[in-house]
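Dumped start25.txt below, it's compact mmCIF, C-alpha atoms:
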# COMPACT_ATOMS: atom_id res chain seq x y z
CA GLU K 3 11.98 -291.31 -42.78
CA ASP K 4 8.31 -290.38 -42.33
CA GLU K 5 9.33 -286.97 -40.93
CA PRO K 6 8.09 -284.11 -43.10
CA VAL K 7 10.56 -281.24 -43.46
CA THR K 8 9.04 -278.06 -42.03
CA ALA K 9 11.86 -275.53 -42.62
CA MET K 10 15.31 -275.31 -44.20
CA ALA K 11 18.28 -272.96 -44.00
CA LEU K 12 21.80 -272.65 -45.36
CA GLN K 13 24.36 -271.78 -42.69
CA PRO K 14 26.99 -269.61 -44.42
CA THR K 15 30.03 -270.90 -42.56
CA GLY K 16 32.73 -273.28 -43.74
CA ASP K 17 31.22 -275.35 -46.54
CA ASN K 18 27.74 -273.73 -46.38
CA THR K 19 26.00 -276.36 -44.27
CA LEU K 20 22.42 -277.28 -45.18
CA LEU K 21 20.03 -277.58 -42.22
CA ALA K 22 16.55 -279.13 -42.19
CA ALA K 23 13.96 -278.89 -39.41
CA ALA K 24 11.47 -281.70 -38.87
CA ALA K 25 9.11 -282.87 -36.14
CA GLY K 26 11.94 -284.78 -34.44
CA GLY K 27 14.37 -281.87 -34.35
CA LEU K 28 17.12 -280.36 -36.47
CA TYR K 29 19.16 -282.28 -39.06
CA ARG K 30 22.51 -281.32 -40.61
CA TRP K 31 23.68 -282.55 -44.02
CA ASP K 32 27.06 -284.27 -44.04
CA GLY K 33 28.35 -283.81 -47.58
CA MET K 34 31.35 -286.09 -47.07
CA ALA K 35 29.24 -289.02 -45.82
CA GLY K 36 26.28 -288.19 -48.06
CA GLN K 37 23.72 -288.43 -45.29
CA TRP K 38 21.77 -286.43 -42.69
CA HIS K 39 22.74 -286.35 -38.99
CA ARG K 40 20.30 -285.41 -36.25
CA GLU K 41 21.68 -282.81 -33.86
CA GLY K 42 21.39 -283.13 -30.08
CA GLU K 43 18.82 -281.28 -28.00
CA THR K 44 16.98 -279.15 -30.55
CA PRO K 45 13.43 -277.77 -30.73
CA GLY K 46 11.10 -279.86 -32.87
CA GLY K 47 8.64 -278.76 -35.52
CA LEU K 48 10.25 -275.44 -36.41
CA VAL K 49 8.19 -273.71 -39.12
CA ALA K 50 10.79 -271.02 -39.87
CA LEU K 51 14.58 -271.23 -39.77
CA GLU K 52 17.20 -268.57 -40.42
CA ALA K 53 21.01 -268.64 -40.20
CA THR K 54 23.78 -266.08 -40.31
CA GLY K 55 27.34 -266.98 -39.38
CA ASP K 56 27.17 -269.36 -36.41
CA ILE K 57 23.83 -268.00 -35.18
CA LEU K 58 20.56 -269.83 -35.81
CA ALA K 59 17.02 -268.54 -35.22
CA GLY K 60 13.83 -270.56 -35.52
CA VAL K 61 10.12 -270.29 -34.82
CA ASP K 62 7.91 -273.20 -33.79
CA ALA K 63 4.20 -273.79 -34.44
CA GLU K 64 3.35 -272.06 -31.14
CA ALA K 65 5.01 -268.85 -32.42
CA ARG K 66 7.85 -269.19 -29.92
CA LEU K 67 11.19 -267.77 -31.04
CA TRP K 68 14.29 -269.92 -30.53
CA LEU K 69 17.90 -268.73 -30.75
CA ARG K 70 21.22 -270.60 -30.77
CA ASP K 71 24.45 -268.63 -30.59
CA ALA K 72 26.89 -271.26 -31.88
CA PRO K 73 26.97 -274.92 -32.99
CA GLY K 74 26.69 -277.16 -29.94
CA SER K 75 25.39 -274.41 -27.65
CA ALA K 76 21.99 -274.64 -25.98
CA TRP K 77 18.85 -273.24 -27.60
CA ARG K 78 17.00 -270.51 -25.72
CA THR K 79 13.57 -269.03 -26.18
CA LEU K 80 12.81 -265.33 -26.62
CA THR K 81 9.44 -263.83 -25.79
CA GLY K 82 8.04 -261.45 -28.40
CA PRO K 83 5.13 -258.99 -28.32
CA TRP K 84 3.10 -260.88 -30.97
CA ALA K 85 0.78 -263.01 -28.81
CA GLY K 86 -2.09 -264.45 -30.89
CA GLN K 87 -0.33 -263.84 -34.21
CA ALA K 88 1.36 -266.29 -36.57
CA VAL K 89 5.07 -265.78 -37.23
CA LEU K 90 5.80 -265.83 -40.98
CA ARG K 91 9.49 -264.95 -41.11
CA VAL K 92 12.42 -264.39 -38.79
CA LEU K 93 15.51 -262.54 -40.06
CA LEU K 94 18.91 -262.16 -38.44
CA GLY K 95 21.03 -259.04 -38.71
CA ASN K 96 24.46 -258.01 -37.51
CA THR K 97 25.33 -258.07 -33.81
CA ALA K 98 24.07 -254.89 -32.16
CA ALA K 99 26.44 -251.98 -32.85
CA ASP K 100 26.46 -250.86 -29.21
CA GLY K 101 28.58 -253.87 -28.25
CA ALA K 102 25.72 -256.04 -27.00
CA SER K 103 26.09 -259.74 -27.68
CA GLU K 104 22.55 -260.14 -29.01
CA PRO K 105 22.07 -260.07 -32.79
CA ALA K 106 19.49 -257.78 -34.34
CA LEU K 107 16.28 -259.67 -35.10
CA THR K 108 13.37 -258.85 -37.39
CA VAL K 109 10.14 -260.85 -37.15
CA LEU K 110 7.15 -260.66 -39.50
CA THR K 111 3.79 -261.72 -38.05
CA ALA K 112 0.24 -261.93 -39.41
CA ARG K 113 -3.30 -262.23 -38.09
CA PRO K 114 -6.65 -262.42 -39.90
CA THR K 115 -9.01 -259.45 -39.66
CA GLU K 116 -12.79 -259.20 -39.72
CA GLN K 117 -12.53 -257.54 -43.14
CA GLY K 118 -11.16 -260.76 -44.67
CA HIS K 119 -7.54 -259.71 -45.17
CA TYR K 120 -4.45 -260.11 -42.98
CA ALA K 121 -2.83 -257.52 -40.74
CA MET K 122 0.93 -257.96 -40.91
CA THR K 123 3.36 -256.45 -38.42
CA VAL K 124 7.13 -256.02 -38.68
CA TRP K 125 8.92 -256.22 -35.33
CA GLN K 126 12.59 -255.54 -34.70
CA ARG K 127 14.79 -256.12 -31.70
CA SER K 128 18.19 -254.67 -30.98
CA GLY K 129 17.95 -254.61 -27.21
CA ASP K 130 14.16 -254.15 -26.88
CA TRP K 131 11.37 -255.05 -29.30
CA ARG K 132 9.73 -252.30 -31.30
CA GLU K 133 7.05 -252.26 -33.97
CA LEU K 134 8.57 -251.08 -37.24
CA ALA K 135 5.53 -251.13 -39.51
CA ALA K 136 1.97 -252.36 -39.88
CA LEU K 137 0.93 -253.62 -43.32
CA ALA K 138 -2.05 -255.39 -44.88
CA ALA K 139 -2.25 -258.19 -47.45
CA ASP K 140 -4.83 -260.53 -48.91
CA ILE K 141 -2.75 -263.63 -48.14
CA PRO K 142 -0.50 -264.42 -45.13
CA ALA K 143 2.75 -264.72 -47.07
CA ALA K 144 5.76 -262.53 -47.74
CA LEU K 145 9.27 -262.60 -49.14
CA ALA K 146 11.92 -260.85 -47.08
CA LEU K 147 15.38 -259.49 -47.85
CA TRP K 148 17.67 -257.94 -45.23
CA PRO K 149 21.20 -257.58 -46.62
CA GLN K 150 23.85 -256.97 -43.98
CA GLY K 151 24.10 -253.26 -43.25
CA ARG K 152 21.31 -252.35 -45.68
CA ASP K 153 17.59 -251.64 -45.71
CA LEU K 154 14.87 -254.21 -45.11
CA PHE K 155 12.78 -255.20 -48.14
CA LEU K 156 9.50 -257.15 -48.13
CA ALA K 157 7.55 -258.44 -51.12
CA LEU K 158 3.80 -258.73 -50.50
CA GLN K 159 1.80 -259.98 -53.48
CA HIS K 160 2.45 -257.38 -56.24
CA ARG K 161 4.42 -254.80 -54.23
CA VAL K 162 7.90 -254.36 -52.80
CA VAL K 163 8.10 -252.53 -49.47
CA ARG K 164 11.27 -250.84 -48.27
CA LEU K 165 11.79 -250.02 -44.57
CA PHE K 166 14.67 -247.61 -43.99
CA THR K 167 15.96 -244.78 -41.84
CA ASP K 168 15.35 -241.35 -43.31
CA PRO K 169 18.80 -239.69 -43.51
CA ALA K 170 17.30 -236.23 -42.97
CA SER K 171 15.18 -236.91 -39.88
CA GLY K 172 16.64 -240.15 -38.57
CA ASP K 173 13.10 -241.57 -38.36
CA LEU K 174 11.86 -244.82 -39.82
CA ALA K 175 10.38 -244.41 -43.30
CA VAL K 176 8.39 -246.72 -45.57
CA ALA K 177 8.39 -246.70 -49.38
CA GLN K 178 6.48 -249.01 -51.72
CA TYR K 179 6.67 -249.98 -55.38
CA PHE K 180 3.68 -251.61 -57.08
CA PHE K 181 3.91 -253.96 -60.03
CA ALA K 182 0.83 -254.53 -62.18
CA GLU K 183 -2.24 -255.73 -60.30
CA GLY K 184 -2.27 -259.52 -60.22
CA GLU K 185 1.46 -259.77 -61.04
CA GLN K 186 2.68 -261.56 -57.91
CA VAL K 187 6.32 -261.36 -56.81
CA THR K 188 7.70 -264.91 -56.51
CA ALA K 189 11.40 -264.27 -55.76
CA LEU K 190 13.53 -261.38 -54.51
CA ALA K 191 17.33 -260.98 -54.47
CA CYS K 192 20.00 -258.31 -54.09
CA GLY K 193 23.31 -257.60 -55.74
CA THR K 194 25.98 -255.12 -54.71
CA ALA K 195 24.02 -252.05 -55.84
CA ARG K 196 20.74 -253.38 -57.22
CA LEU K 197 17.76 -255.61 -56.58
CA TRP K 198 16.17 -258.38 -58.62
CA ALA K 199 12.52 -259.44 -58.60
CA ALA K 200 10.78 -262.25 -60.42
CA THR K 201 7.02 -262.04 -60.80
CA THR K 202 4.48 -264.39 -62.27
CA ALA K 203 4.95 -262.47 -65.55
CA ALA K 204 8.60 -261.45 -65.94
CA LEU K 205 12.02 -260.72 -64.46
CA TYR K 206 12.88 -257.18 -63.28
CA ARG K 207 16.02 -255.32 -62.18
CA GLY K 208 15.66 -252.60 -59.55
CA ASP K 209 17.92 -249.90 -58.18
CA ALA K 210 19.39 -250.21 -54.68
CA THR K 211 16.35 -248.55 -53.09
CA GLY K 212 13.68 -250.55 -54.92
CA ALA K 213 12.08 -247.32 -56.17
CA GLN K 214 12.77 -247.90 -59.88
CA TRP K 215 12.38 -251.21 -61.72
CA THR K 216 13.34 -252.12 -65.29
CA LEU K 217 11.87 -255.01 -67.23
CA VAL K 218 14.63 -257.53 -68.06
CA GLY K 219 12.55 -260.02 -69.99
CA ALA K 220 10.47 -263.15 -69.90
CA LEU K 221 10.98 -265.82 -67.28
CA PRO K 222 13.61 -268.44 -68.11
CA GLY K 223 11.97 -271.64 -69.33
CA GLY K 224 8.54 -270.06 -69.03
CA ALA K 225 8.12 -271.42 -65.49
CA PRO K 226 7.69 -269.41 -62.26
CA VAL K 227 10.97 -268.42 -60.59
CA ILE K 228 11.04 -269.53 -56.95
CA ALA K 229 14.59 -268.45 -56.01
CA LEU K 230 17.06 -265.80 -57.19
CA THR K 231 20.67 -265.05 -56.26
CA GLU K 232 23.37 -262.78 -57.65
CA GLU K 233 27.00 -263.57 -56.93
CA ALA K 234 30.20 -262.48 -58.68
CA GLY K 235 28.34 -260.97 -61.62
CA ARG K 236 26.22 -264.05 -62.22
CA LEU K 237 22.45 -264.20 -61.74
CA THR K 238 21.03 -267.62 -60.87
CA ALA K 239 17.31 -268.41 -61.08
CA VAL K 240 15.64 -271.61 -59.90
CA THR K 241 12.28 -272.30 -61.53
CA LEU K 242 9.37 -274.39 -60.33
CA GLY K 243 10.10 -277.99 -61.19
CA GLY K 244 13.82 -277.82 -60.44
CA GLY K 245 15.20 -275.91 -63.44
CA CYS K 246 18.36 -273.90 -62.77
CA TRP K 247 19.27 -270.97 -65.05
CA ARG K 248 22.30 -268.69 -65.02
CA ALA K 249 23.20 -265.49 -66.83
CA GLU K 250 26.13 -263.08 -66.72
CA VAL K 251 24.95 -259.63 -65.63
CA ALA K 252 26.67 -256.31 -66.17
CA ASP K 253 27.62 -254.01 -63.29
CA GLU K 254 25.50 -251.14 -64.59

Now that the file is in, can you turn its structure into structure tokens?
Amino acid sequence: EDEPVTAMALQPTGDNTLLAAAAGGLYRWDGMAGQWHREGETPGGLVALEATGDILAGVDAEARLWLRDAPGSAWRTLTGPWAGQAVLRVLLGNTAADGASEPALTVLTARPTEQGHYAMTVWQRSGDWRELAALAADIPAALALWPQGRDLFLALQHRVVRLFTDPASGDLAVAQYFFAEGEQVTALACGTARLWAATTAALYRGDATGAQWTLVGALPGGAPVIALTEEAGRLTAVTLGGGCWRAEVADE
């Protein structure tokens, strides 16, 4: 009680455990008992939390990056090259392909500029940190999607940005798709061979690269979509206010 929740994550192991970060530390939902349990020695006040398998990553208000390799193991801090910048998102990828034990990490940071917008930087670590891309936005917020073994997608205001490796040159490449000006992207999801995007105006289906988007229709219930998932041919949309909508989607 009296502890505001600052970040949440769903750990996709076993029964998909729900985790909540608060000022006092990390809490785990016990579905059998119907209550929250505080974990042991955990960092407090995490503002971002991400889970994949047994691995957890979090960022605190001081922009320090925390990593835990397995339930019950100790948390450790990682130093990043983003001093003086706010960390917006941390994403976990597969364990490095070269056999290293460290998982691949992507971190999105932002800092205000004298021009009144925000400079946003995408960092990635698989061994050492490197700057993937530098972007600009009017607000310090972004949606991120990094499916296992696939490209990284970011949604900034009315555009979707794809970061990928050019198959011809092997170099990093950036591609962008722009929706109508003022049509903000509110949710982003991926299926097996397609993407989904909800904006403040409508729902769209994209190809696997995010280069082509097709209008699906109006938003369900007329309310903004704040979460999207596709699983087993079923698209689920959660709208502002707690509405949950589902539709069967073809494999085209």

Note to self: Taking all atoms listed in the file into account, name the residue in K:Ala203, K:Pro73, K:Arg196, K:Trp215 that is nearest to Phe180 of chain K.
What the structure shows: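 Of K:Ala203, K:Pro73, K:Arg196, K:Trp215, the one nearest Phe180 of chain K, counting all atoms listed in the file, is K:Trp215.
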
Notebook entry, point to check: What is the atom CA of Glu43 of chain K to atom CA of Trp84 of chain K distance in Å?
Noted result: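 Atom CA of Trp84 of chain K lies at a distance of 25.9 Å from atom CA of Glu43 of chain K.
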
Margin query: Could you list, as a ChimeraX atom specification, every residue within 10 Å of Glu233 of chain K, counting all atoms listed in the file and ignoring same-chain residues fewer than 4 positions away?
Written below: /K:192-194,237-238,250-251

Mind writing the picked residues with C-alpha atoms as a PDB file, keeping the file's coordinate frame?
ATOM      1  CA  CYS K 192      20.000-258.310 -54.090  1.00  0.00           C
ATOM      2  CA  GLY K 193      23.310-257.600 -55.740  1.00  0.00           C
ATOM      3  CA  THR K 194      25.980-255.120 -54.710  1.00  0.00           C
ATOM      4  CA  LEU K 237      22.450-264.200 -61.740  1.00  0.00           C
ATOM      5  CA  THR K 238      21.030-267.620 -60.870  1.00  0.00           C
ATOM      6  CA  GLU K 250      26.130-263.080 -66.720  1.00  0.00           C
ATOM      7  CA  VAL K 251      24.950-259.630 -65.630  1.00  0.00           C
TER       8      VAL K 251
END

Note to self: Using all atoms listed in the file for the distances, tell me which of K:Ala121, K:Leu154, K:Leu190, K:Leu205 is nearest to Ala139 of chain K.
What the structure shows: K:Ala121

Check: Which residue gives the smallest distance to Ala22 of chain K among K:Met122, K:Trp148, K:Gly60, K:Gly36, with all atoms listed in the file counted?
Finding: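 Closest candidate: K:Gly60.
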